[in-house]
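protein.cif follows (mmCIF, C-alpha atoms):
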```cif
data_final
loop_
_atom_site.label_atom_id
_atom_site.label_comp_id
_atom_site.auth_asym_id
_atom_site.auth_seq_id
_atom_site.Cartn_x
_atom_site.Cartn_y
_atom_site.Cartn_z
CA MET A 296 -77.36 -58.39 92.17
CA SER A 297 -80.61 -57.57 90.37
CA ARG A 298 -81.05 -54.27 88.58
CA ILE A 299 -83.87 -53.24 90.94
CA THR A 300 -81.67 -53.87 93.99
CA LEU A 301 -78.85 -51.85 92.45
CA LEU A 302 -81.18 -48.93 91.68
CA ALA A 303 -82.55 -49.10 95.23
CA LEU A 304 -79.04 -48.91 96.69
CA GLN A 305 -78.13 -46.00 94.41
CA LEU A 306 -81.29 -44.17 95.46
CA LEU A 307 -80.51 -44.89 99.12
CA VAL A 308 -77.09 -43.27 98.79
CA ALA A 309 -78.70 -40.13 97.36
CA ILE A 310 -81.36 -40.02 100.09
CA VAL A 311 -78.80 -40.40 102.88
CA ALA A 312 -76.54 -37.71 101.38
CA VAL A 313 -79.42 -35.23 101.01
CA ALA A 314 -80.74 -36.01 104.50
CA LEU A 315 -77.31 -35.40 106.05
CA TRP A 316 -76.95 -32.16 104.12
CA GLN A 317 -80.38 -30.94 105.31
CA PHE A 318 -79.64 -32.00 108.88
CA PHE A 319 -76.25 -30.32 109.21
CA ALA A 320 -77.49 -27.18 107.40
CA THR A 321 -80.52 -26.64 109.65
CA VAL A 322 -80.02 -28.43 112.99
CA PRO A 323 -77.41 -27.20 115.52
CA VAL A 324 -75.02 -29.95 116.61
CA PHE A 325 -73.04 -29.16 119.76
CA GLY A 326 -74.42 -25.65 119.49
CA LYS A 327 -73.18 -25.08 115.96
CA ILE A 328 -74.57 -25.27 112.43
CA TRP A 329 -71.88 -27.28 110.64
CA LEU A 330 -73.03 -26.31 107.13
CA PRO A 331 -73.97 -22.61 107.31
CA PRO A 332 -76.85 -21.89 104.88
CA PHE A 333 -75.12 -18.77 103.53
CA PHE A 334 -72.30 -20.95 102.17
CA PHE A 335 -74.02 -24.32 101.62
CA SER A 336 -77.75 -23.53 101.32
CA ASN A 337 -79.91 -26.63 101.99
CA PRO A 338 -81.77 -29.21 99.90
CA VAL A 339 -85.21 -27.69 100.55
CA ASP A 340 -84.17 -24.28 99.21
CA VAL A 341 -82.35 -25.86 96.27
CA PHE A 342 -85.36 -27.98 95.36
CA SER A 343 -87.64 -24.95 95.72
CA GLN A 344 -85.45 -23.01 93.28
CA VAL A 345 -85.51 -25.87 90.76
CA VAL A 346 -89.31 -26.10 91.00
CA LYS A 347 -89.59 -22.33 90.59
CA TRP A 348 -87.47 -22.41 87.44
CA PHE A 349 -89.52 -25.15 85.84
CA ALA A 350 -92.87 -23.77 87.00
CA SER A 351 -92.13 -20.34 85.54
CA GLY A 352 -90.64 -21.88 82.38
CA VAL A 353 -87.48 -19.77 82.61
CA ILE A 354 -85.25 -22.84 82.63
CA TRP A 355 -86.35 -24.27 79.29
CA LYS A 356 -84.59 -21.69 77.12
CA HIS A 357 -81.35 -22.14 79.02
CA LEU A 358 -81.60 -25.94 78.90
CA ALA A 359 -82.25 -25.90 75.15
CA ILE A 360 -79.21 -23.71 74.47
CA THR A 361 -76.87 -25.79 76.65
CA LEU A 362 -78.27 -29.01 75.15
CA TRP A 363 -77.68 -27.78 71.60
CA GLU A 364 -74.13 -26.64 72.40
CA SER A 365 -73.35 -29.93 74.15
CA ILE A 366 -74.74 -32.08 71.33
CA LEU A 367 -72.75 -30.18 68.70
CA ALA A 368 -69.55 -30.40 70.77
CA PHE A 369 -70.14 -34.09 71.48
CA VAL A 370 -70.92 -35.06 67.87
CA ILE A 371 -68.17 -32.96 66.25
CA GLY A 372 -65.54 -33.88 68.85
CA SER A 373 -66.41 -37.59 68.82
CA ALA A 374 -66.57 -37.87 65.03
CA THR A 375 -63.31 -36.03 64.40
CA GLY A 376 -61.57 -37.80 67.28
CA ALA A 377 -62.65 -41.22 65.99
CA MET A 378 -61.65 -40.51 62.39
CA VAL A 379 -58.28 -38.95 63.21
CA GLY A 380 -57.51 -41.60 65.83
CA PHE A 381 -58.31 -44.41 63.38
CA TRP A 382 -56.26 -42.74 60.64
CA PHE A 383 -53.25 -42.27 62.92
CA ALA A 384 -53.45 -45.89 64.09
CA ARG A 385 -53.48 -47.16 60.50
CA GLN A 386 -50.68 -44.79 59.42
CA PRO A 387 -47.75 -45.29 61.84
CA LEU A 388 -45.53 -42.78 60.04
CA ILE A 389 -48.16 -40.02 60.30
CA ALA A 390 -48.68 -40.87 63.97
CA ALA A 391 -44.94 -40.72 64.68
CA VAL A 392 -44.54 -37.34 62.94
CA PHE A 393 -47.47 -35.68 64.70
CA ASP A 394 -47.08 -37.41 68.08
CA PRO A 395 -45.33 -34.51 69.90
CA TYR A 396 -47.79 -31.97 68.51
CA VAL A 397 -50.79 -34.03 69.61
CA LYS A 398 -49.33 -34.29 73.11
CA MET A 399 -48.64 -30.55 73.20
CA ALA A 400 -52.19 -29.72 72.10
CA ASN A 401 -53.65 -32.14 74.66
CA ALA A 402 -51.57 -30.53 77.42
CA LEU A 403 -53.02 -27.06 76.82
CA PRO A 404 -55.38 -25.98 79.64
CA ARG A 405 -58.80 -25.70 78.02
CA VAL A 406 -60.00 -22.90 80.30
CA VAL A 407 -57.25 -20.70 78.85
CA LEU A 408 -58.63 -21.39 75.37
CA ALA A 409 -62.15 -20.21 76.28
CA PRO A 410 -61.39 -16.45 76.02
CA ILE A 411 -59.51 -17.08 72.76
CA PHE A 412 -62.48 -18.90 71.25
CA THR A 413 -64.73 -16.07 72.42
CA LEU A 414 -62.45 -13.57 70.69
CA TRP A 415 -62.39 -15.61 67.48
CA LEU A 416 -66.00 -16.82 67.37
CA GLY A 417 -67.89 -14.28 69.46
CA LEU A 418 -70.32 -14.78 72.33
CA GLY A 419 -72.63 -17.08 70.34
CA ILE A 420 -72.87 -20.85 70.60
CA TRP A 421 -69.83 -21.63 68.45
CA SER A 422 -67.26 -20.45 70.98
CA LYS A 423 -68.83 -22.85 73.52
CA VAL A 424 -68.98 -25.65 70.95
CA ALA A 425 -65.31 -25.13 70.10
CA LEU A 426 -64.33 -25.39 73.76
CA GLY A 427 -66.39 -28.58 74.15
CA VAL A 428 -64.83 -30.07 71.01
CA THR A 429 -61.31 -29.59 72.39
CA LEU A 430 -62.33 -31.54 75.51
CA VAL A 431 -64.10 -34.39 73.69
CA PHE A 432 -61.70 -34.78 70.76
CA PHE A 433 -58.66 -36.02 72.66
CA ILE A 434 -60.62 -38.44 74.86
CA VAL A 435 -62.08 -40.18 71.81
CA PHE A 436 -58.88 -39.83 69.76
CA PHE A 437 -56.66 -41.66 72.25
CA ASN A 438 -59.25 -44.39 72.91
CA VAL A 439 -59.85 -45.12 69.22
CA TYR A 440 -56.11 -45.05 68.54
CA GLN A 441 -55.51 -47.52 71.36
CA GLY A 442 -58.45 -49.67 70.27
CA VAL A 443 -57.00 -50.15 66.80
CA GLN A 444 -53.56 -50.82 68.25
CA GLU A 445 -55.02 -53.52 70.51
CA VAL A 446 -56.49 -55.57 67.66
CA SER A 447 -55.51 -59.21 68.11
CA GLN A 448 -52.73 -60.18 65.73
CA THR A 449 -54.14 -63.71 65.70
CA VAL A 450 -57.50 -62.43 64.43
CA LEU A 451 -55.74 -60.37 61.78
CA ALA A 452 -53.64 -63.35 60.67
CA ASN A 453 -56.74 -65.55 60.47
CA GLY A 454 -58.55 -62.90 58.44
CA ARG A 455 -55.69 -62.65 55.97
CA MET A 456 -55.51 -66.44 55.70
CA LEU A 457 -59.20 -66.44 54.77
CA GLY A 458 -58.44 -63.96 51.98
CA MET A 459 -59.87 -60.79 53.54
CA SER A 460 -58.79 -57.57 51.88
CA GLU A 461 -57.58 -54.56 53.84
CA ARG A 462 -60.98 -52.95 53.34
CA GLN A 463 -62.72 -56.02 54.79
CA LEU A 464 -60.27 -56.13 57.70
CA THR A 465 -60.98 -52.47 58.37
CA ARG A 466 -64.73 -53.05 58.41
CA HIS A 467 -64.90 -56.38 60.24
CA VAL A 468 -61.83 -56.31 62.53
CA TYR A 469 -60.38 -52.85 63.10
CA TRP A 470 -63.61 -50.85 63.45
CA PRO A 471 -65.34 -53.29 65.85
CA SER A 472 -62.27 -53.15 68.09
CA ALA A 473 -62.17 -49.35 67.87
CA LEU A 474 -65.90 -49.07 68.59
CA SER A 475 -65.58 -50.90 71.91
CA TRP A 476 -62.93 -48.45 73.06
CA MET A 477 -64.74 -45.47 71.56
CA PHE A 478 -68.01 -46.12 73.37
CA SER A 479 -66.11 -46.53 76.62
CA SER A 480 -64.75 -43.03 76.06
CA LEU A 481 -68.11 -41.57 75.01
CA HIS A 482 -69.54 -41.93 78.52
CA THR A 483 -66.74 -39.66 79.75
CA SER A 484 -67.02 -37.42 76.68
CA VAL A 485 -70.68 -36.65 77.41
CA GLY A 486 -69.74 -34.97 80.67
CA PHE A 487 -66.84 -33.09 79.09
CA ALA A 488 -69.02 -31.82 76.23
CA VAL A 489 -71.44 -30.35 78.77
CA VAL A 490 -68.55 -28.98 80.86
CA GLY A 491 -67.17 -27.22 77.79
CA ALA A 492 -70.55 -25.65 77.02
CA VAL A 493 -71.22 -24.60 80.60
CA VAL A 494 -67.74 -23.19 81.22
CA GLY A 495 -68.01 -21.18 78.01
CA GLU A 496 -71.41 -19.86 79.11
CA TYR A 497 -70.06 -19.08 82.56
CA LEU A 498 -67.23 -16.98 81.12
CA GLY A 499 -69.37 -15.06 78.68
CA SER A 500 -72.93 -15.54 77.41
CA ALA A 501 -76.49 -14.30 77.75
CA ALA A 502 -78.19 -17.68 78.19
CA GLY A 503 -77.56 -21.29 79.18
CA LEU A 504 -77.11 -23.21 82.42
CA GLY A 505 -73.64 -21.72 82.88
CA TYR A 506 -75.18 -18.26 82.59
CA LEU A 507 -77.80 -19.14 85.24
CA ILE A 508 -75.11 -20.38 87.62
CA GLN A 509 -72.96 -17.31 86.99
CA GLN A 510 -75.91 -14.98 87.64
CA ALA A 511 -76.79 -16.77 90.89
CA GLU A 512 -73.16 -16.64 92.02
CA GLY A 513 -73.01 -12.91 91.24
CA VAL A 514 -75.73 -12.15 93.82
CA PHE A 515 -74.47 -14.71 96.37
CA ASP A 516 -77.46 -16.96 95.73
CA VAL A 517 -75.90 -20.24 96.86
CA GLY A 518 -79.22 -22.05 96.50
CA GLY A 519 -79.39 -20.95 92.86
CA VAL A 520 -75.83 -22.15 92.25
CA PHE A 521 -76.59 -25.59 93.70
CA ALA A 522 -79.89 -25.70 91.81
CA GLY A 523 -78.06 -25.02 88.55
CA MET A 524 -75.52 -27.75 89.33
CA PHE A 525 -78.33 -30.19 90.21
CA VAL A 526 -80.15 -29.54 86.92
CA LEU A 527 -76.83 -29.88 85.11
CA SER A 528 -76.13 -33.24 86.78
CA ILE A 529 -79.54 -34.66 85.82
CA PHE A 530 -79.02 -33.29 82.34
CA VAL A 531 -75.71 -35.21 81.96
CA VAL A 532 -77.20 -38.42 83.36
CA LEU A 533 -80.04 -38.34 80.81
CA ILE A 534 -77.61 -37.82 77.92
CA ASP A 535 -75.42 -40.65 79.22
CA ILE A 536 -78.46 -42.96 79.26
CA GLY A 537 -79.00 -42.09 75.59
CA VAL A 538 -75.37 -42.99 74.81
CA THR A 539 -75.80 -46.30 76.64
CA LEU A 540 -78.87 -47.17 74.56
CA ILE A 541 -76.99 -46.40 71.33
CA GLU A 542 -74.02 -48.44 72.56
CA ARG A 543 -76.20 -51.49 73.21
CA ARG A 544 -77.73 -51.10 69.78
CA LEU A 545 -74.42 -50.91 67.93
CA LEU A 546 -72.43 -53.38 70.03
CA VAL A 547 -74.94 -56.24 70.15
CA TRP A 548 -72.15 -58.68 69.28
CA ARG A 549 -70.21 -57.91 72.46
CA PRO A 550 -70.80 -60.37 75.34
CA ALA A 551 -72.50 -58.99 78.44
CA PRO A 552 -70.16 -58.33 81.37
CA SER A 553 -70.06 -60.93 84.13
CA ASP A 554 -72.05 -60.10 87.25
CA GLY A 555 -69.38 -61.74 89.42
CA ARG A 556 -71.59 -64.59 90.61
CA GLY A 557 -69.73 -67.22 88.57
#
```

Conversion result in structure tokens:
Amino acid sequence: MSRITLLALQLLVAIVAVALWQFFATVPVFGKIWLPPFFFSNPVDVFSQVVKWFASGVIWKHLAITLWESILAFVIGSATGAMVGFWFARQPLIAAVFDPYVKMANALPRVVLAPIFTLWLGLGIWSKVALGVTLVFFIVFFNVYQGVQEVSQTVLANGRMLGMSERQLTRHVYWPSALSWMFSSLHTSVGFAVVGAVVGEYLGSAAGLGYLIQQAEGVFDVGGVFAGMFVLSIFVVLIDIGVTLIERRLLVWRPAPSDGRG
């Protein structure tokens, strides 16, 4: 399937979903509106709210704050997760000692941590960044750890036979394997970094997309809530595209996936 055909099908799915939403929110079927506007709004009102935000310029400040929080959470969480995961994988004793504590920390509900971070770090950006880091860290950590563990023993044996030092094996064997797993996790981590920032804003802030959504919800503005979620979704997609471009740049050695046509 060509890329243009795939994009066309993806766009068609979106168009059909929006059309059905508009239809069931505005047209009575069997004498009943199946998606009452008070609870579900409708695409026209949501789009109008988005246009109003961008036309007035009110959205830009909130977008910038959420973007900055998400980038910091993503970079800090990914970097620390990759480094700690690689270190644990190369130090089996350390991994065995800390294994139960890592699992306990990963099991903690992050939403419960949000008020604690607010208490420790205040209502500024760092409490939101800290929440995002806790979400991103473990995703990257476990993927990098597994990536190093999955290194082919045959490749390692061949490298040692050729006289490669541990430093060379780390650079040319372990890290390439870890990078493949890490970038697979980064696509998920992007969304979680934004979720951490937005949830933190929702629980306590004076700006950001989470703040906009919380304010709209407070006055029962369902259209504003959906508009905030729509902007947030586009926001995540754009960041994910950036991660994909970086991935292609760094993993040029990896073969392209099969398209299934043989």

Output of the PyMOL selection byres ((chain A and resi 432) around 7), listed as a PyMOL selection string:
chain A and resi 372-373+375-376+428-431+433-436

Looking at A:Ile536, A:Met296, A:Ala522, A:Leu527, which one is nearest to Gln344 (chain A), with distances taken over all atoms listed in the file?
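Smallest separation from Gln344 (chain A) among the options: A:Ala522.
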
Hey, can you check how far CA of Phe487 (chain A) sits from CA of Thr413 (chain A)?
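Separating CA of Phe487 (chain A) from CA of Thr413 (chain A) is a distance of 18.4 Å.
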
Return as a ChimeraX atom specification the set of residues that the PyMOL selection byres ((chain A and resi 378) around 12) yields on the displayed structure.
/A:371-377,379-385,432-433,435-440,443,470,473-474,477

Since I can't run it myself right now, could you work out what the PyMOL selection byres ((chain A and resi 357) around 6) selects here and report it as an MDAnalysis selection string?
chainID A and resid 354:356 358:360 502:504

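Between CA of Gly486 (chain A) and CA of Val531 (chain A) the separation is 6.1 Å.
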
Expected answer as a list in words: all residues with atoms within 9 Å of (-82.0, -31.4, 101.5), only C-alpha atoms:
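Neighbouring residues, ordered by chain and number, come to Ile310, Ala312, Val313, Ala314, Leu315, Trp316, Gln317, Phe318, Ala320, Ser336, Asn337, Pro338, Val339, Asp340, Val341 and Phe342 of chain A.
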